Each structure stands twice: as C-alpha cells, then as structure tokens.
$ cat work01.cif   # mmCIF, C-alpha atoms
data_data
#
loop_
_atom_site.label_atom_id
_atom_site.label_comp_id
_atom_site.auth_asym_id
_atom_site.auth_seq_id
_atom_site.Cartn_x
_atom_site.Cartn_y
_atom_site.Cartn_z
CA MET A 18 -71.62 11.17 -23.36
CA ARG A 19 -68.05 12.34 -23.80
CA ILE A 20 -67.73 12.99 -20.11
CA LYS A 21 -68.94 9.52 -19.33
CA ARG A 22 -66.40 7.96 -21.69
CA SER A 23 -63.65 10.07 -20.22
CA LEU A 24 -64.56 8.99 -16.74
CA GLU A 25 -64.60 5.36 -17.83
CA ALA A 26 -61.19 5.67 -19.45
CA ALA A 27 -59.76 7.39 -16.39
CA ALA A 28 -61.15 4.72 -14.15
CA LEU A 29 -59.68 2.00 -16.36
CA ILE A 30 -56.26 3.64 -16.30
CA ALA A 31 -56.42 4.06 -12.54
CA VAL A 32 -57.26 0.39 -12.08
CA ALA A 33 -54.39 -0.59 -14.39
CA VAL A 34 -51.96 1.63 -12.51
CA VAL A 35 -53.03 0.27 -9.16
CA LEU A 36 -52.71 -3.30 -10.39
CA GLY A 37 -49.31 -2.50 -11.81
CA LEU A 38 -48.16 -1.01 -8.53
CA PHE A 39 -49.41 -4.02 -6.64
CA THR A 40 -47.47 -6.26 -8.99
CA VAL A 41 -44.23 -4.30 -8.53
CA GLN A 42 -44.70 -4.06 -4.82
CA GLY A 43 -45.17 -7.78 -4.67
CA THR A 44 -41.70 -8.36 -6.09
CA TYR A 45 -40.07 -6.24 -3.42
CA ALA A 46 -42.21 -7.60 -0.66
CA LEU A 47 -40.18 -10.80 -0.50
CA TRP A 48 -37.30 -10.89 1.93
CA ASN A 49 -33.85 -9.77 0.91
CA ALA A 50 -30.67 -9.02 2.78
CA THR A 51 -27.35 -7.50 1.83
CA ALA A 52 -23.88 -7.84 3.27
CA VAL A 53 -21.06 -5.56 2.17
CA ALA A 54 -17.37 -6.34 2.00
CA ALA A 55 -14.58 -3.87 1.40
CA PRO A 56 -11.67 -5.73 -0.21
CA GLY A 57 -9.58 -2.57 -0.17
CA THR A 58 -7.23 -0.94 -2.63
CA ILE A 59 -4.41 -2.62 -4.50
CA SER A 60 -1.38 -0.42 -5.09
CA SER A 61 1.51 -1.07 -7.39
CA ALA A 62 5.13 -0.62 -6.46
CA SER A 63 7.63 1.83 -7.79
CA PHE A 64 10.47 0.76 -10.07
CA ASP A 65 13.36 2.84 -8.87
CA MET A 66 16.97 2.01 -9.62
CA ALA A 67 19.52 4.25 -7.97
CA LEU A 68 22.85 5.01 -9.65
CA GLN A 69 25.95 6.26 -7.90
CA ALA A 70 29.24 7.06 -9.56
CA VAL A 71 32.11 5.22 -7.92
CA ASN A 72 34.72 7.97 -8.08
CA THR A 73 32.63 11.05 -7.37
CA GLY A 74 29.74 9.70 -5.35
CA THR A 75 27.30 11.54 -7.60
CA SER A 76 23.94 9.80 -7.55
CA THR A 77 20.67 9.87 -9.42
CA ASN A 78 17.71 7.66 -10.13
CA MET A 79 17.84 5.76 -13.40
CA THR A 80 14.54 7.36 -14.34
CA LEU A 81 14.06 11.00 -13.46
CA ALA A 82 11.21 12.33 -11.36
CA ASP A 83 8.91 12.74 -14.34
CA GLY A 84 8.84 8.97 -14.60
CA LYS A 85 9.82 9.02 -18.27
CA THR A 86 13.20 10.61 -18.81
CA SER A 87 16.32 8.48 -18.48
CA ALA A 88 19.02 9.98 -16.31
CA THR A 89 22.58 10.64 -17.46
CA LEU A 90 25.33 10.03 -14.93
CA THR A 91 28.90 11.09 -15.55
CA LEU A 92 31.51 8.58 -14.43
CA SER A 93 34.67 10.65 -14.17
CA PRO A 94 37.67 8.33 -14.41
CA ALA A 95 40.28 8.45 -11.75
CA GLY A 96 43.72 9.47 -13.07
CA THR A 97 45.11 10.59 -16.39
CA LEU A 98 45.23 8.35 -19.39
CA GLY A 99 48.58 7.76 -21.05
CA PRO A 100 49.79 5.27 -23.66
CA GLY A 101 49.73 1.77 -22.25
CA THR A 102 47.89 2.82 -19.14
CA SER A 103 44.33 2.57 -17.94
CA VAL A 104 41.89 4.61 -15.92
CA TYR A 105 38.94 3.27 -14.03
CA GLY A 106 35.43 4.25 -13.20
CA GLY A 107 32.29 2.55 -12.10
CA VAL A 108 28.71 2.82 -11.02
CA VAL A 109 26.79 1.26 -8.16
CA VAL A 110 23.27 0.24 -9.18
CA THR A 111 20.78 -0.28 -6.35
CA ASN A 112 17.32 -1.80 -6.56
CA ASN A 113 15.24 0.70 -4.60
CA THR A 114 11.76 -0.61 -5.26
CA PHE A 115 9.26 -1.01 -2.43
CA ALA A 116 7.45 -3.96 -3.98
CA GLY A 117 5.43 -6.05 -1.57
CA GLY A 118 6.69 -9.36 -2.85
CA GLN A 119 9.84 -10.56 -4.51
CA PHE A 120 11.25 -8.12 -7.02
CA ASN A 121 14.53 -9.15 -8.55
CA THR A 122 16.12 -7.19 -11.32
CA ALA A 123 18.92 -7.73 -13.78
CA ILE A 124 20.95 -4.79 -15.05
CA THR A 125 22.61 -4.83 -18.42
CA ALA A 126 25.42 -2.56 -19.56
CA GLY A 127 25.37 -2.21 -23.32
CA GLN A 128 28.38 -2.02 -25.59
CA PRO A 129 30.09 1.34 -25.13
CA GLY A 130 30.30 3.93 -27.84
CA VAL A 131 33.47 6.00 -28.07
CA ALA A 132 33.29 9.31 -29.89
CA ASN A 133 36.04 11.86 -30.61
CA LEU A 134 35.67 15.41 -29.48
CA ASN A 135 36.79 18.47 -31.41
CA GLY A 136 37.87 16.52 -34.48
CA GLY A 137 40.39 14.35 -32.65
CA VAL A 138 41.37 10.79 -33.42
CA LEU A 139 41.92 9.54 -29.91
CA ALA A 140 38.96 7.11 -30.11
CA THR A 141 40.92 4.91 -32.46
CA TYR A 142 43.37 4.07 -29.70
CA ILE A 143 40.88 3.67 -26.86
CA THR A 144 39.71 0.34 -25.52
CA VAL A 145 36.84 0.03 -23.05
CA SER A 146 36.32 -3.07 -20.97
CA ALA A 147 34.11 -3.80 -17.99
CA LYS A 148 33.46 -6.20 -15.16
CA LEU A 149 30.94 -6.79 -12.40
CA ALA A 150 32.06 -6.35 -8.83
CA ALA A 151 30.72 -6.73 -5.36
CA SER A 152 32.36 -3.58 -4.10
CA PRO A 153 33.40 -0.26 -5.68
CA THR A 154 36.92 -0.74 -4.45
CA GLU A 155 37.34 -3.60 -6.89
CA CYS A 156 37.09 -1.23 -9.84
CA SER A 157 40.66 -0.03 -9.43
CA ALA A 158 41.98 -3.59 -9.61
CA SER A 159 42.98 -4.35 -13.19
CA THR A 160 42.03 -8.00 -13.05
CA GLY A 161 38.81 -9.39 -14.44
CA TYR A 162 38.11 -6.77 -17.10
CA ALA A 163 36.85 -7.91 -20.48
CA ALA A 164 35.32 -6.36 -23.54
CA ILE A 165 31.54 -6.04 -23.51
CA GLY A 166 30.00 -8.33 -26.14
CA ALA A 167 26.85 -7.83 -28.16
CA PRO A 168 24.45 -9.06 -25.43
CA GLY A 169 26.00 -6.59 -23.05
CA LEU A 170 27.33 -7.22 -19.57
CA ILE A 171 24.45 -8.63 -17.53
CA SER A 172 24.40 -8.60 -13.76
CA PRO A 173 23.14 -11.46 -11.64
CA ALA A 174 19.77 -10.99 -9.95
CA VAL A 175 19.63 -7.92 -7.76
CA ALA A 176 16.97 -8.28 -5.10
CA LYS A 177 15.08 -5.52 -3.30
CA THR A 178 17.46 -3.06 -1.66
CA GLY A 179 20.36 -5.01 -3.15
CA SER A 180 22.99 -3.54 -5.43
CA THR A 181 25.63 -4.45 -7.96
CA VAL A 182 28.70 -2.63 -9.24
CA PHE A 183 29.68 -2.12 -12.84
CA CYS A 184 33.37 -1.26 -13.26
CA PHE A 185 34.78 0.23 -16.44
CA GLN A 186 38.35 0.29 -17.56
CA VAL A 187 39.50 2.65 -20.29
CA SER A 188 42.91 1.89 -21.81
CA LEU A 189 45.06 3.79 -24.28
CA ASP A 190 46.96 1.79 -26.83
CA PRO A 191 50.70 1.84 -26.12
CA SER A 192 51.25 2.68 -29.79
CA ALA A 193 49.13 5.78 -29.63
CA PRO A 194 50.95 8.64 -31.34
CA SER A 195 51.86 11.76 -29.50
CA THR A 196 49.46 13.67 -31.73
CA VAL A 197 46.57 12.44 -29.63
CA LYS A 198 47.98 14.07 -26.57
CA GLY A 199 45.43 16.42 -25.04
CA GLN A 200 42.56 15.04 -27.06
CA ALA A 201 39.38 13.84 -25.45
CA VAL A 202 36.67 11.35 -26.17
CA THR A 203 33.25 10.71 -24.78
CA ILE A 204 32.34 7.18 -23.87
CA GLN A 205 28.73 6.25 -23.48
CA THR A 206 27.09 3.09 -22.36
CA THR A 207 23.48 2.40 -21.61
CA LEU A 208 22.37 0.69 -18.45
CA THR A 209 19.08 -1.15 -18.59
CA ALA A 210 17.30 -2.59 -15.57
CA ARG A 211 14.83 -5.37 -16.18
CA GLN A 212 12.48 -7.06 -13.75
CA LEU A 213 13.08 -10.76 -13.36
CA CYS A 214 10.13 -12.98 -12.78
CA GLY A 215 10.63 -14.37 -9.33
CA VAL A 216 7.19 -15.88 -9.01
CA PRO A 217 6.71 -19.49 -10.11
CA SER A 218 4.29 -19.67 -13.02
CA GLY A 219 3.89 -15.94 -12.76
CA CYS A 220 5.56 -14.90 -15.98
CA MET B 22 -113.31 -8.09 42.04
CA LYS B 23 -110.17 -7.58 43.91
CA ASN B 24 -109.91 -11.29 44.45
CA SER B 25 -110.25 -11.90 40.76
CA THR B 26 -107.41 -9.58 40.04
CA LEU B 27 -105.30 -11.20 42.68
CA ILE B 28 -106.05 -14.62 41.29
CA LYS B 29 -105.15 -13.51 37.76
CA GLY B 30 -101.90 -12.02 39.00
CA THR B 31 -101.03 -15.13 40.90
CA ALA B 32 -101.83 -17.26 37.89
CA ALA B 33 -99.59 -15.13 35.69
CA ILE B 34 -96.75 -15.47 38.14
CA ALA B 35 -97.30 -19.17 38.26
CA VAL B 36 -97.20 -19.43 34.47
CA GLY B 37 -94.05 -17.37 34.39
CA ALA B 38 -92.43 -19.53 37.00
CA ALA B 39 -93.45 -22.61 35.05
CA LEU B 40 -91.89 -21.18 31.92
CA LEU B 41 -88.72 -20.47 33.83
CA LEU B 42 -88.67 -24.00 35.11
CA GLY B 43 -89.15 -25.21 31.52
CA GLY B 44 -86.15 -23.17 30.50
CA GLY B 45 -84.15 -24.68 33.30
CA GLY B 46 -85.09 -28.07 32.01
CA THR B 47 -83.19 -27.27 28.72
CA LEU B 48 -79.85 -27.17 30.59
CA ALA B 49 -80.38 -30.67 31.63
CA ASN B 50 -80.13 -31.98 28.03
CA TRP B 51 -76.85 -33.41 26.50
CA ASN B 52 -74.17 -31.08 25.15
CA ALA B 53 -70.60 -31.54 24.09
CA GLU B 54 -67.64 -29.46 22.94
CA ALA B 55 -64.33 -30.15 21.26
CA THR B 56 -61.12 -28.11 21.36
CA ALA B 57 -58.80 -27.65 18.44
CA ALA B 58 -55.18 -26.44 18.76
CA PRO B 59 -54.17 -24.78 15.47
CA GLY B 60 -50.69 -24.38 16.85
CA THR B 61 -48.20 -21.55 16.55
CA ILE B 62 -47.07 -20.12 13.27
CA VAL B 63 -43.36 -19.40 13.19
CA SER B 64 -41.72 -17.41 10.46
CA GLY B 65 -38.51 -18.48 8.81
CA ASP B 66 -35.39 -16.41 8.29
CA LEU B 67 -33.26 -14.98 5.53
CA ASN B 68 -29.99 -13.30 6.25
CA VAL B 69 -26.48 -12.87 4.95
CA THR B 70 -23.52 -11.56 6.89
CA THR B 71 -19.88 -11.26 6.00
CA GLY B 72 -17.30 -13.42 7.67
CA SER B 73 -13.58 -13.05 7.33
CA GLY B 74 -12.03 -11.54 4.21
CA THR B 75 -8.38 -12.22 3.37
CA TRP B 76 -5.88 -11.53 0.62
CA THR B 77 -3.27 -14.04 -0.45
CA ASP B 78 -0.53 -13.99 -3.07
CA ARG B 79 0.10 -16.47 -5.83
CA SER B 80 1.79 -18.84 -3.40
CA GLY B 81 -1.07 -18.67 -0.92
CA ASN B 82 0.79 -16.50 1.55
CA PRO B 83 -1.32 -13.92 3.40
CA VAL B 84 -1.02 -10.35 2.21
CA ASN B 85 -1.77 -7.12 4.03
CA ILE B 86 -3.40 -5.30 1.16
CA ALA B 87 -3.02 -1.92 2.85
CA ALA B 88 0.75 -2.20 2.75
CA TYR B 89 1.46 -4.57 -0.13
CA LYS B 90 2.72 -3.17 -3.45
CA VAL B 91 2.17 -5.26 -6.52
CA VAL B 92 4.56 -5.64 -9.44
CA PRO B 93 4.03 -7.23 -12.84
CA GLY B 94 3.61 -10.96 -12.35
CA ASP B 95 1.79 -10.61 -9.04
CA LYS B 96 -1.54 -12.33 -8.64
CA LEU B 97 -3.58 -11.66 -5.53
CA THR B 98 -6.74 -13.44 -4.46
CA PHE B 99 -9.39 -12.03 -2.15
CA THR B 100 -11.44 -14.61 -0.29
CA GLN B 101 -14.56 -13.52 1.55
CA THR B 102 -16.78 -15.87 3.49
CA LEU B 103 -20.50 -15.19 3.70
CA ASN B 104 -22.78 -16.62 6.34
CA VAL B 105 -26.13 -17.37 4.75
CA THR B 106 -29.17 -18.18 6.84
CA LEU B 107 -32.19 -19.61 5.08
CA VAL B 108 -35.11 -20.95 7.07
CA GLY B 109 -38.57 -21.67 5.74
CA ASP B 110 -40.38 -24.57 4.13
CA LYS B 111 -40.86 -22.66 0.92
CA MET B 112 -37.72 -20.57 1.26
CA ALA B 113 -35.44 -20.15 -1.71
CA ALA B 114 -33.14 -17.24 -2.47
CA ASN B 115 -30.69 -16.09 -5.09
CA VAL B 116 -27.32 -14.74 -4.08
CA ALA B 117 -25.63 -12.18 -6.28
CA THR B 118 -22.86 -9.60 -6.10
CA THR B 119 -22.74 -5.98 -7.11
CA GLY B 120 -20.01 -3.40 -6.98
CA THR B 121 -18.01 -1.06 -9.13
CA ALA B 122 -14.26 -0.72 -8.79
CA THR B 123 -12.09 2.30 -9.52
CA ASN B 124 -9.27 1.24 -11.81
CA GLY B 125 -6.14 3.37 -11.94
CA PHE B 126 -4.20 0.79 -13.94
CA THR B 127 -4.01 0.46 -17.68
CA PRO B 128 -6.83 -2.00 -18.33
CA ALA B 129 -4.68 -4.12 -20.64
CA ASN B 130 -2.10 -4.61 -17.90
CA VAL B 131 -4.40 -6.13 -15.29
CA SER B 132 -6.84 -8.97 -15.16
CA VAL B 133 -9.55 -8.78 -12.51
CA SER B 134 -12.11 -11.53 -12.16
CA ALA B 135 -15.72 -11.06 -11.24
CA PRO B 136 -16.59 -12.46 -7.81
CA VAL B 137 -16.95 -16.22 -7.96
CA LEU B 138 -19.31 -17.75 -5.39
CA THR B 139 -18.81 -21.29 -4.18
CA VAL B 140 -20.29 -23.53 -1.52
CA GLY B 141 -18.01 -26.27 -0.34
CA GLY B 142 -15.78 -25.73 -3.33
CA THR B 143 -18.59 -26.05 -5.83
CA ALA B 144 -19.92 -23.11 -7.78
CA VAL B 145 -23.13 -21.71 -6.36
CA SER B 146 -26.21 -22.83 -8.20
CA ASN B 147 -29.03 -20.39 -7.57
CA PRO B 148 -31.41 -20.54 -5.89
CA LEU B 149 -30.02 -21.49 -2.50
CA LYS B 150 -32.37 -23.45 -0.29
CA PRO B 151 -32.42 -24.19 3.42
CA THR B 152 -30.15 -26.99 4.53
CA GLY B 153 -31.06 -27.02 8.18
CA SER B 154 -28.07 -25.00 9.23
CA MET B 155 -26.20 -21.85 8.31
CA GLN B 156 -24.46 -22.11 4.96
CA THR B 157 -21.03 -20.72 4.24
CA VAL B 158 -20.68 -19.21 0.81
CA THR B 159 -17.19 -18.26 -0.30
CA ALA B 160 -16.64 -15.37 -2.68
CA THR B 161 -13.28 -15.05 -4.42
CA VAL B 162 -11.89 -12.26 -6.54
CA THR B 163 -8.52 -12.37 -8.27
CA PHE B 164 -6.34 -9.47 -9.34
CA GLU B 165 -3.40 -10.16 -11.63
CA PHE B 166 -0.83 -7.57 -12.66
CA LEU B 167 0.11 -9.08 -15.98
CA SER B 168 3.73 -9.88 -16.66
CA THR B 169 3.28 -8.58 -20.20
CA THR B 170 3.44 -5.06 -18.78
CA THR B 171 6.32 -3.18 -20.37
CA GLY B 172 8.55 -0.25 -19.54
CA ARG B 173 7.57 1.36 -16.26
CA ALA B 174 3.87 1.25 -17.01
CA ASP B 175 1.53 1.48 -14.03
CA THR B 176 4.13 2.06 -11.37
CA THR B 177 2.49 3.51 -8.23
CA ALA B 178 -0.99 2.94 -9.66
CA SER B 179 -3.97 1.83 -7.61
CA TYR B 180 -7.09 -0.27 -8.01
CA ASN B 181 -9.84 0.37 -5.50
CA PHE B 182 -12.44 -2.34 -5.18
CA ASN B 183 -14.69 0.01 -3.21
CA ASN B 184 -17.58 -1.88 -1.64
CA VAL B 185 -18.69 -5.24 -2.94
CA ALA B 186 -22.25 -6.04 -1.95
CA PHE B 187 -23.57 -9.57 -1.64
CA GLN B 188 -27.33 -9.63 -2.03
CA LEU B 189 -29.56 -12.46 -0.93
CA THR B 190 -33.02 -12.16 -2.42
CA GLN B 191 -35.92 -14.47 -1.75
CA ILE B 192 -37.64 -15.79 -4.83
CA THR B 193 -41.17 -17.05 -5.18
CA GLN B 194 -41.77 -20.75 -4.97
CA PRO B 195 -44.86 -22.84 -5.72
CA GLY B 196 -47.38 -22.08 -3.04
CA LEU B 197 -46.22 -18.52 -2.55
CA SER B 198 -47.72 -15.52 -4.21
#
$ encode --input "work01.cif" --output "structure tokens"
Amino acid sequence: MRIKRSLEAAALIAVAVVLGLFTVQGTYALWNATAVAAPGTISSASFDMALQAVNTGTSTNMTLADGKTSATLTLSPAGTLGPGTSVYGGVVVTNNTFAGGQFNTAITAGQPGVANLNGGVLATYITVSAKLAASPTECSASTGYAAIGAPGLISPAVAKTGSTVFCFQVSLDPSAPSTVKGQAVTIQTTLTARQLCGVPSGC
Amino acid sequence: MKNSTLIKGTAAIAVGAALLLGGGGTLANWNAEATAAPGTIVSGDLNVTTGSGTWTDRSGNPVNIAAYKVVPGDKLTFTQTLNVTLVGDKMAANVATTGTATNGFTPANVSVSAPVLTVGGTAVSNPLKPTGSMQTVTATVTFEFLSTTTGRADTTASYNFNNVAFQLTQITQPGLS
C-alpha cells in the first residue's frame, strides 16, 4: 500500500515537473534577437599647471606627482635690495591640461605675507606689489605694479597650452634704518588655478 | 465425362469474364474531383542590428571618444541607431537594454543616464509591432562630468561603458500559445 502511494506521488511530481519545464520552455521558444554596442570608455583630463620662475628658470607643476601636494617654487629676486630701490621676480604659469574640449583657467595670486627671519625687523619696511604681464621681460620694468588687494591678483582666462606671467616687485622703504642692513625676510604668496566654465549652460 | 468437365470450365471462364465486364462497366459511371490550393506558409522575421554609434559634446559637435578627455562641465551624448525588423501578422516584441558599466569616477561627480529608446523622436512604447518596413530605434546615453566637482577630483579617471546589449524579445499575442 505504501509502495503504491509512493509511486503515485512520484508520478504526480514527475508530471508537475514536466509541465513546469514545458511552461518555461515555452517562454524561451519565442523569437528573440540581441545586438550589442560598445560605446567605449570616457576618460577625464589632467589638470596640470606648470610654474617657471622668471629669473632662474626653475620649473615645477603646481601640484606634485602625488596629485595632492602643492608645490613650492622659489622666486629668487634679481639684484640686491637697498633703501628706495626695488627688486623683481616673477613666475610663468602655463595651462598644461590635455582636455578634449575647451579648458580655460584663471590664476589668482593671493596677498603676500612677509615674515622676518632671525628676529629682524626688515619686514616693516618692505612693500610687495605685483602685475600681470604677457612676457617675463616685462617684470623688470617698474611700471604697472600695484599692491595686491583682498581678492588677489586674478589673471584673464588662460586657455589650453596658454600661459600668463605674474611679476612681483619688492621695494625697501627709503627711510629704512641702517639697522636692517643684512637682514632677510621671506615673502610668500599663494597661486590658485581655477577652471573657468567655457561651456554654455555647462556650469 | 470429359466433355462435362470442359463445359463446366468454359462456363466458369465465361462467368468470370462476365464479372470482369461488369467491373469495367463501373468505370463508365460519373465521377468528379476538386483541387484545393492551401497555399504556402511563410514565416515572419524578428531581428535587431546596430547601426551607427556616435558621441557628441554639449554643443552637438562630434567627439572621438577614444581620444577625448572630459573635464568638469562636459556633457557627452552617445547616440546608437538600431535597425529593428518585425514581420508577422501576430508579431509583437519588446525592446530592452542591458549592460553594466565600470565607473572609475566618484559617483557624486558624474551623472550617467540609462539608455533612452526612441522611435522618430518619441519614446519607445513596448511592444513594438510590424510597420511594414524596418524600424529605426535610437538609443541615447548621456554622460555628464558635473561642474560641482571640486579640487582636482577625478582627474585622469575613466568610465567604461563595456558592452550595451539591445534585446528584442517576441511576446505572445492573442492567437499564439
């Protein structure tokens, strides 16, 4: 009796499985076709800004190879600073990106910070001014220099492979006492490059 | 006695011949036939093939995606034409896309649309049915490198669309099983 019931149950299950398979097979039995497209890979550009000191020719990328660390470039002034005189330096900033489309940048030089070294007081008598130039040779011309305001000195748009020149003038007050002779200061300014949106309705 | 046997044999032959003649008489009656032509059964067709696929920038200018490098603010559109053949009185089919991309960008810095299928500028309404000629379905995908990206995020990153499959699958209609 048990064997008979077992056989009946097995037969029932087998019928159910077969019916189920037929049902599934029926779904796949209809026609279907597939076409494949390969849109490709989209790659983003680099954002490399090259810096080159006007007087020494020393160069670096604004961001170091690790992609995170900001570079420090020394702009050694040409000449010796005396009361009532000025020395000049500058940096050429080049937009070195390989973007596929338009990629304009604006570079901003922040307000400089002047700090005394070795307990001196020279910073009190130092004035730093700056200007934008089309050529490094313009840095040694005393005309056009002005103090950098709070917004900083902002360059016009610098397109791909284009460059701009920031010139700096450091002047010593004519009334500087002789006690500051031989003293030194460090002058720091921060250059910031910012992408401009050159695409209509894109930003 | 021999004559009797001969007579019986002859009579049997005569009866047989008569029966044969009777059978021949049946062929002489009316008969008719008719011919039907059920015709030829022809199957329909279902197929999808890819046409041209192109990339354009935000301004509609063509882009060589293998060489182009995107920057924040870029928006690229991929347009792929599909040639769909549907033939059959009870033919109907759904078109769908499948595919998985490999994203090397920060997800928050990009916006990638799912493929949008249109026919003649109107969104596809499944199922597609035969129109008497090949149908052109256009699939578009957009990739936008958002201008809200800050710092130097996602420089030299990549987004691989891999393969995008367009599947055309027949569906049952009344009268089909």
$ atom_distance --input "work01.cif" --atom1 "atom CA of Ile59 of chain A" --atom2 "atom CA of Ser179 of chain B"
5.4 Å
$ resolve_selection --input "work01.cif" --expression "the PyMOL selection byres ((chain A) within 8 of (chain B))" --output "number ranges by chain"
A: 47-64, 84, 115-118, 120, 214, 216, 219-220
$ residues_around --input "work01.cif" --residues "Asp65 of chain A" --least-positions-apart "6" --cutoff "9 Å" --atoms "only C-alpha atoms" --output "PDB file with C-alpha atoms, in the coordinates of the input"
ATOM      1  CA  ASN A  78      17.710   7.660 -10.130  1.00  0.00           C
ATOM      2  CA  MET A  79      17.840   5.760 -13.400  1.00  0.00           C
ATOM      3  CA  THR A  80      14.540   7.360 -14.340  1.00  0.00           C
ATOM      4  CA  THR A 111      20.780  -0.280  -6.350  1.00  0.00           C
ATOM      5  CA  ASN A 112      17.320  -1.800  -6.560  1.00  0.00           C
ATOM      6  CA  ASN A 113      15.240   0.700  -4.600  1.00  0.00           C
ATOM      7  CA  THR A 114      11.760  -0.610  -5.260  1.00  0.00           C
ATOM      8  CA  PHE A 115       9.260  -1.010  -2.430  1.00  0.00           C
TER       9      PHE A 115
END
$ residues_around --input "work01.cif" --residues "Val182 of chain A" --least-positions-apart "2" --cutoff "10 Å" --atoms "only C-alpha atoms" --output "count of residues only"
23
$ atom_distance --input "work01.cif" --atom1 "atom CA of Gly169 of chain A" --atom2 "atom CA of Gln128 of chain A"
5.7 Å
$ residues_around --input "work01.cif" --residues "Ile143 of chain A" --least-positions-apart "4" --cutoff "9 Å" --atoms "only C-alpha atoms" --output "ChimeraX atom specification"
/A:131,139,187-190,193,202
$ resolve_selection --input "work01.cif" --expression "the PyMOL selection byres ((chain A and resi 196) around 12)" --output "list in words"
Pro100, Gly137, Val138, Leu139, Tyr142, Ser192, Ala193, Pro194, Ser195, Val197, Lys198, Gly199, Gln200 and Ala201 of chain A
$ write_last_selection --input "work01.cif" --atoms "C-alpha atoms" --output "tab-separated table (two decimals), in the coordinates of the input"
chain	number	residue	atom	x	y	z
A	100	PRO	CA	49.79	5.27	-23.66
A	137	GLY	CA	40.39	14.35	-32.65
A	138	VAL	CA	41.37	10.79	-33.42
A	139	LEU	CA	41.92	9.54	-29.91
A	142	TYR	CA	43.37	4.07	-29.70
A	192	SER	CA	51.25	2.68	-29.79
A	193	ALA	CA	49.13	5.78	-29.63
A	194	PRO	CA	50.95	8.64	-31.34
A	195	SER	CA	51.86	11.76	-29.50
A	197	VAL	CA	46.57	12.44	-29.63
A	198	LYS	CA	47.98	14.07	-26.57
A	199	GLY	CA	45.43	16.42	-25.04
A	200	GLN	CA	42.56	15.04	-27.06
A	201	ALA	CA	39.38	13.84	-25.45
$ atom_distance --input "work01.cif" --atom1 "atom CA of Pro151 of chain B" --atom2 "atom CA of Lys111 of chain B"
8.9 Å
$ axis_aligned_box --input "work01.cif" --around "segment 113-123 of chain A" --padding-each-side "6 Å" --output "AutoDock Vina command-line options"
--center_x 12.2 --center_y -4.9 --center_z -7.7 --size_x 25.5 --size_y 23.3 --size_z 24.2
$ resolve_selection --input "work01.cif" --expression "the PyMOL selection byres ((chain A and resi 145) around 6)" --output "list of chain:residue names"
A:Thr144, A:Ser146, A:Gln186, A:Val187
$ decode --input "work01.cif" --residues "segment 183-208 of chain A" --atoms "C-alpha atoms" --output "PDB file, in the first residue's frame"
ATOM      1  CA  PHE A 183      52.857  87.154 -12.641  1.00  0.00           C
ATOM      2  CA  CYS A 184      55.518  89.760 -11.847  1.00  0.00           C
ATOM      3  CA  PHE A 185      56.409  90.755  -8.312  1.00  0.00           C
ATOM      4  CA  GLN A 186      58.183  93.852  -7.172  1.00  0.00           C
ATOM      5  CA  VAL A 187      59.715  94.068  -3.721  1.00  0.00           C
ATOM      6  CA  SER A 188      60.653  97.572  -2.539  1.00  0.00           C
ATOM      7  CA  LEU A 189      62.515  98.794   0.521  1.00  0.00           C
ATOM      8  CA  ASP A 190      61.314 101.961   2.144  1.00  0.00           C
ATOM      9  CA  PRO A 191      63.777 104.819   1.582  1.00  0.00           C
ATOM     10  CA  SER A 192      63.525 105.574   5.302  1.00  0.00           C
ATOM     11  CA  ALA A 193      64.635 102.127   6.315  1.00  0.00           C
ATOM     12  CA  PRO A 194      67.273 102.404   9.036  1.00  0.00           C
ATOM     13  CA  SER A 195      70.715 101.046   8.574  1.00  0.00           C
ATOM     14  CA  THR A 196      70.000  98.532  11.314  1.00  0.00           C
ATOM     15  CA  VAL A 197      68.076  96.415   8.841  1.00  0.00           C
ATOM     16  CA  LYS A 198      71.110  96.022   6.682  1.00  0.00           C
ATOM     17  CA  GLY A 199      71.860  92.355   6.127  1.00  0.00           C
ATOM     18  CA  GLN A 200      68.506  91.207   7.385  1.00  0.00           C
ATOM     19  CA  ALA A 201      66.269  88.946   5.373  1.00  0.00           C
ATOM     20  CA  VAL A 202      62.602  88.263   5.013  1.00  0.00           C
ATOM     21  CA  THR A 203      60.573  85.545   3.408  1.00  0.00           C
ATOM     22  CA  ILE A 204      57.722  86.553   1.184  1.00  0.00           C
ATOM     23  CA  GLN A 205      55.050  84.040   0.381  1.00  0.00           C
ATOM     24  CA  THR A 206      52.106  84.212  -1.906  1.00  0.00           C
ATOM     25  CA  THR A 207      49.720  81.501  -2.951  1.00  0.00           C
ATOM     26  CA  LEU A 208      48.837  80.876  -6.546  1.00  0.00           C
TER      27      LEU A 208
END
